[in-house]
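*Asks:* Quick one: the structure is below, questions incoming.
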Amino acid sequence: MFRFFVTCARGTEGALRRELAAMRIAGAKGDRGGVWFDGPLEMGMDVCLRARTAVRVLMQLAEIEAGDGDSLYAAARRIPWRDWITVQSTFAVFANVKDTPGLTHSGFAALKVKDAVADALRDALGARPDVDAKSPEVSIALHLAGGRGGLFLDLAGEALHRRGTRVAMVEAPLKETLAAAVLMLGGAQPELPFIDPMCGSGTLAIEHALATRGIASGIRRRFGFERWPTLSAEARAAWGRLREREDEAAARAMTGDWPPVVCADVDTGALTAARQNAAAAGMDDAITFERADVTALERRWPAATLATNPPYGERLNPAALDAIYRGIGRTFERLTGWRAIVLSGNPALAQAIRRKPAVSHRLWNGPLEARLLRYDL
Ligand SMILES: C[S@@+](CC[C@H](N)C(=O)[O-])C[C@H]1O[C@@H](n2cnc3c(N)ncnc32)[C@H](O)[C@@H]1O
């Protein structure tokens, strides 16, 4: 059994907890920026593969108290690193340290842990492994706040918003993990048609198409733990079974009959990017693409989910932005029976929509505070 800390965008912990509960992970506890749970290694692997809102899956090796470099070194040195790292493997340490007066630089803290790992392995095995900061086989994470925290192994490797399917970018794309959380917290309805009328690179629509089909979010990528040199044959076999289960479920989903999913945008470059990303995710046949202005959107279905992330305003002048926001408000007046889920980084949008949201939820898009608004029109 291990203790895991699964990180997510701040404000989306509730969505992650719901996902873990749906995966039958009992006793998960929310914390700021993530959720804790206890379970075997395979459970952590499964979270990497399936939890749409999870950013990193960290497996705790030790709880530590360290107020300065020496005590951090000593705490890190006590961990039996040879269980996880061999002389031939590469490793790296990533540190996030705050409110610890004796350790004011995360880089210095990472260096102390790296020294402890290297010294412990040299003592145990007669040689030390190499550090590879770019593509380590074993990623070690240190989290320390107020002198307390933990040392973890990072199961995911590359952060989980990287689904391995983003091939084309636009300005200000949403992270896939945040898009998934917006759809979950906003209550996107899987049984109804779906449209994002300001789709950019298509993140919300692609995440929605994958989620309604129950296709695992990590099905097209690899994970850090797959490269661990000491991963046992049993663990590899368990991982093989998990992948096989999800591959089979995805193949079955492709033969189903699903409600329409539409990506629209005024910008042809955005639509090209959305199309390419959908193809990389295997969802190009599931989504239709339209060049259209949001102000021209009609009520083409009696009930539907609209989910969108309108421009925030950094790149538009205030008058142009105001016109878009008012246009969205007028469009919503026509969409009776629809549910509209809006991720807004600008309070002016809620004012322009001029109706009371059924849900108004604060979350963070990276460092930017944003609001998830749901309107039942
Ligand atoms: C913040 S971006 C959306 C990013 C997207 N969620 C993603 O993950 O890539 C806003 C998008 O709104 C589009 N847009 C701006 N004004 C529009 C309008 N009047 N009608 C339709 N789309 C519009 C822009 O072209 C841009 O692609």
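Residues are named by chain letter and number: chains run A, B, ... in the order of the structure tokens, numbers start at 1 in each chain, and ligands are numbered from 1 in the order shown.
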Can you list every residue of chain A that has an atom at most 7 Å from ligand 1, with its nearest atom pair and the distance in Å to one decimal, using only C-alpha atoms and all ligand atoms, ordered by chain then number, as JSON lines?

*Replies:*
```
{"residue": "A:Val170", "atom": "CA", "partner": "ligand 1", "partner_atom_place_in_ligand_line": "9 (O)", "distance": 5.9}
{"residue": "A:Glu171", "atom": "CA", "partner": "ligand 1", "partner_atom_place_in_ligand_line": "2 (S)", "distance": 6.8}
{"residue": "A:Ala172", "atom": "CA", "partner": "ligand 1", "partner_atom_place_in_ligand_line": "1 (C)", "distance": 5.4}
{"residue": "A:Pro173", "atom": "CA", "partner": "ligand 1", "partner_atom_place_in_ligand_line": "9 (O)", "distance": 3.5}
{"residue": "A:Leu174", "atom": "CA", "partner": "ligand 1", "partner_atom_place_in_ligand_line": "8 (O)", "distance": 3.8}
{"residue": "A:Lys175", "atom": "CA", "partner": "ligand 1", "partner_atom_place_in_ligand_line": "8 (O)", "distance": 6.7}
{"residue": "A:Pro197", "atom": "CA", "partner": "ligand 1", "partner_atom_place_in_ligand_line": "21 (C)", "distance": 5.7}
{"residue": "A:Met198", "atom": "CA", "partner": "ligand 1", "partner_atom_place_in_ligand_line": "22 (N)", "distance": 3.9}
{"residue": "A:Cys199", "atom": "CA", "partner": "ligand 1", "partner_atom_place_in_ligand_line": "5 (C)", "distance": 5.0}
{"residue": "A:Gly200", "atom": "CA", "partner": "ligand 1", "partner_atom_place_in_ligand_line": "27 (O)", "distance": 3.3}
{"residue": "A:Ser201", "atom": "CA", "partner": "ligand 1", "partner_atom_place_in_ligand_line": "9 (O)", "distance": 3.6}
{"residue": "A:Gly202", "atom": "CA", "partner": "ligand 1", "partner_atom_place_in_ligand_line": "9 (O)", "distance": 5.4}
{"residue": "A:Thr203", "atom": "CA", "partner": "ligand 1", "partner_atom_place_in_ligand_line": "8 (O)", "distance": 4.3}
{"residue": "A:Leu204", "atom": "CA", "partner": "ligand 1", "partner_atom_place_in_ligand_line": "6 (N)", "distance": 6.2}
{"residue": "A:Ala264", "atom": "CA", "partner": "ligand 1", "partner_atom_place_in_ligand_line": "21 (C)", "distance": 6.7}
{"residue": "A:Asp265", "atom": "CA", "partner": "ligand 1", "partner_atom_place_in_ligand_line": "22 (N)", "distance": 3.9}
{"residue": "A:Val266", "atom": "CA", "partner": "ligand 1", "partner_atom_place_in_ligand_line": "21 (C)", "distance": 4.4}
{"residue": "A:Asp267", "atom": "CA", "partner": "ligand 1", "partner_atom_place_in_ligand_line": "25 (O)", "distance": 4.7}
{"residue": "A:Ala270", "atom": "CA", "partner": "ligand 1", "partner_atom_place_in_ligand_line": "27 (O)", "distance": 5.4}
{"residue": "A:Ala292", "atom": "CA", "partner": "ligand 1", "partner_atom_place_in_ligand_line": "21 (C)", "distance": 6.0}
{"residue": "A:Asp293", "atom": "CA", "partner": "ligand 1", "partner_atom_place_in_ligand_line": "20 (N)", "distance": 3.6}
{"residue": "A:Val294", "atom": "CA", "partner": "ligand 1", "partner_atom_place_in_ligand_line": "20 (N)", "distance": 3.9}
{"residue": "A:Thr295", "atom": "CA", "partner": "ligand 1", "partner_atom_place_in_ligand_line": "19 (N)", "distance": 6.3}
{"residue": "A:Thr308", "atom": "CA", "partner": "ligand 1", "partner_atom_place_in_ligand_line": "6 (N)", "distance": 6.4}
{"residue": "A:Asn309", "atom": "CA", "partner": "ligand 1", "partner_atom_place_in_ligand_line": "6 (N)", "distance": 4.9}
{"residue": "A:Pro310", "atom": "CA", "partner": "ligand 1", "partner_atom_place_in_ligand_line": "10 (C)", "distance": 4.6}
{"residue": "A:Pro311", "atom": "CA", "partner": "ligand 1", "partner_atom_place_in_ligand_line": "1 (C)", "distance": 4.2}
{"residue": "A:Tyr312", "atom": "CA", "partner": "ligand 1", "partner_atom_place_in_ligand_line": "1 (C)", "distance": 6.4}
{"residue": "A:Ile324", "atom": "CA", "partner": "ligand 1", "partner_atom_place_in_ligand_line": "19 (N)", "distance": 5.5}
```

*Asks:* Write out as a PyMOL selection string all residues of stretch 273-351 of chain A that DSSP puts in alpha helix (DSSP H) for this structure's backbone.

*Replies:* chain A and resi 273-280+318-334+347-351

*Asks:* Would you mind exporting the chosen residues as a PDB file, in the first residue's frame, restricted to C-alpha atoms?

*Replies:*
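Saved result, part09.pdb, follows:
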```pdb
ATOM      1  CA  ALA A 273      -5.836  23.348 -35.312  1.00  0.00           C
ATOM      2  CA  ALA A 274      -9.013  21.875 -33.773  1.00  0.00           C
ATOM      3  CA  ARG A 275      -9.359  19.455 -36.690  1.00  0.00           C
ATOM      4  CA  GLN A 276      -5.748  18.312 -36.390  1.00  0.00           C
ATOM      5  CA  ASN A 277      -6.019  17.816 -32.633  1.00  0.00           C
ATOM      6  CA  ALA A 278      -9.282  15.893 -32.998  1.00  0.00           C
ATOM      7  CA  ALA A 279      -7.632  13.623 -35.585  1.00  0.00           C
ATOM      8  CA  ALA A 280      -4.680  12.987 -33.254  1.00  0.00           C
ATOM      9  CA  PRO A 318     -12.200  46.771 -24.584  1.00  0.00           C
ATOM     10  CA  ALA A 319     -14.833  47.826 -27.155  1.00  0.00           C
ATOM     11  CA  ALA A 320     -14.308  44.687 -29.288  1.00  0.00           C
ATOM     12  CA  LEU A 321     -14.438  42.499 -26.204  1.00  0.00           C
ATOM     13  CA  ASP A 322     -17.587  44.213 -24.959  1.00  0.00           C
ATOM     14  CA  ALA A 323     -19.227  43.594 -28.358  1.00  0.00           C
ATOM     15  CA  ILE A 324     -18.361  39.854 -28.211  1.00  0.00           C
ATOM     16  CA  TYR A 325     -19.643  39.541 -24.639  1.00  0.00           C
ATOM     17  CA  ARG A 326     -22.915  41.323 -25.455  1.00  0.00           C
ATOM     18  CA  GLY A 327     -23.250  39.123 -28.536  1.00  0.00           C
ATOM     19  CA  ILE A 328     -22.883  36.006 -26.366  1.00  0.00           C
ATOM     20  CA  GLY A 329     -25.597  37.372 -24.039  1.00  0.00           C
ATOM     21  CA  ARG A 330     -27.990  37.909 -26.980  1.00  0.00           C
ATOM     22  CA  THR A 331     -27.223  34.450 -28.385  1.00  0.00           C
ATOM     23  CA  PHE A 332     -28.078  32.856 -25.021  1.00  0.00           C
ATOM     24  CA  GLU A 333     -31.536  34.499 -25.186  1.00  0.00           C
ATOM     25  CA  ARG A 334     -32.323  32.284 -28.204  1.00  0.00           C
ATOM     26  CA  PRO A 347     -16.025  39.556 -14.832  1.00  0.00           C
ATOM     27  CA  ALA A 348     -17.363  41.738 -17.679  1.00  0.00           C
ATOM     28  CA  LEU A 349     -18.657  38.595 -19.391  1.00  0.00           C
ATOM     29  CA  ALA A 350     -21.016  37.631 -16.538  1.00  0.00           C
ATOM     30  CA  GLN A 351     -22.303  41.223 -16.510  1.00  0.00           C
TER      31      GLN A 351
END
```

*Asks:* Report the distance between atom CA of A:Thr90 and atom CA of A:Asp154 in Å, rounded to one decimal place.

*Replies:* 13.8 Å

*Asks:* For stretch 46-61 of chain A, work out the shell of residues within 8 Å, counting only C-alpha atoms and skipping chain neighbours fewer than 6 positions away, then give it as a VMD selection string.

*Replies:* chain A and resid 2 to 9 12 15 to 16 19 to 20 79 141 150 to 157 159 to 161 176 to 178 180 to 181 216 to 219 223 242 to 243

*Asks:* Work out how far apart atom CA of A:Cys263 and atom CA of A:Ala205 are and give it in Å to one decimal.

*Replies:*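 That distance, rounded to one decimal, is 6.5 Å.
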
*Asks:* Mind giving me the straight-line distance from atom CA of A:Val138 to atom CA of A:Trp228 in Å, one decimal?

*Replies:*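 Spanning atom CA of A:Val138 to atom CA of A:Trp228 is a straight-line distance of 6.0 Å.
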
*Asks:* Would you please work out which residue, of A:Gly282, A:Gly126, A:Gly69, A:Pro136, is nearest to A:Leu111 when using only C-alpha atoms?

*Replies:* A:Gly69
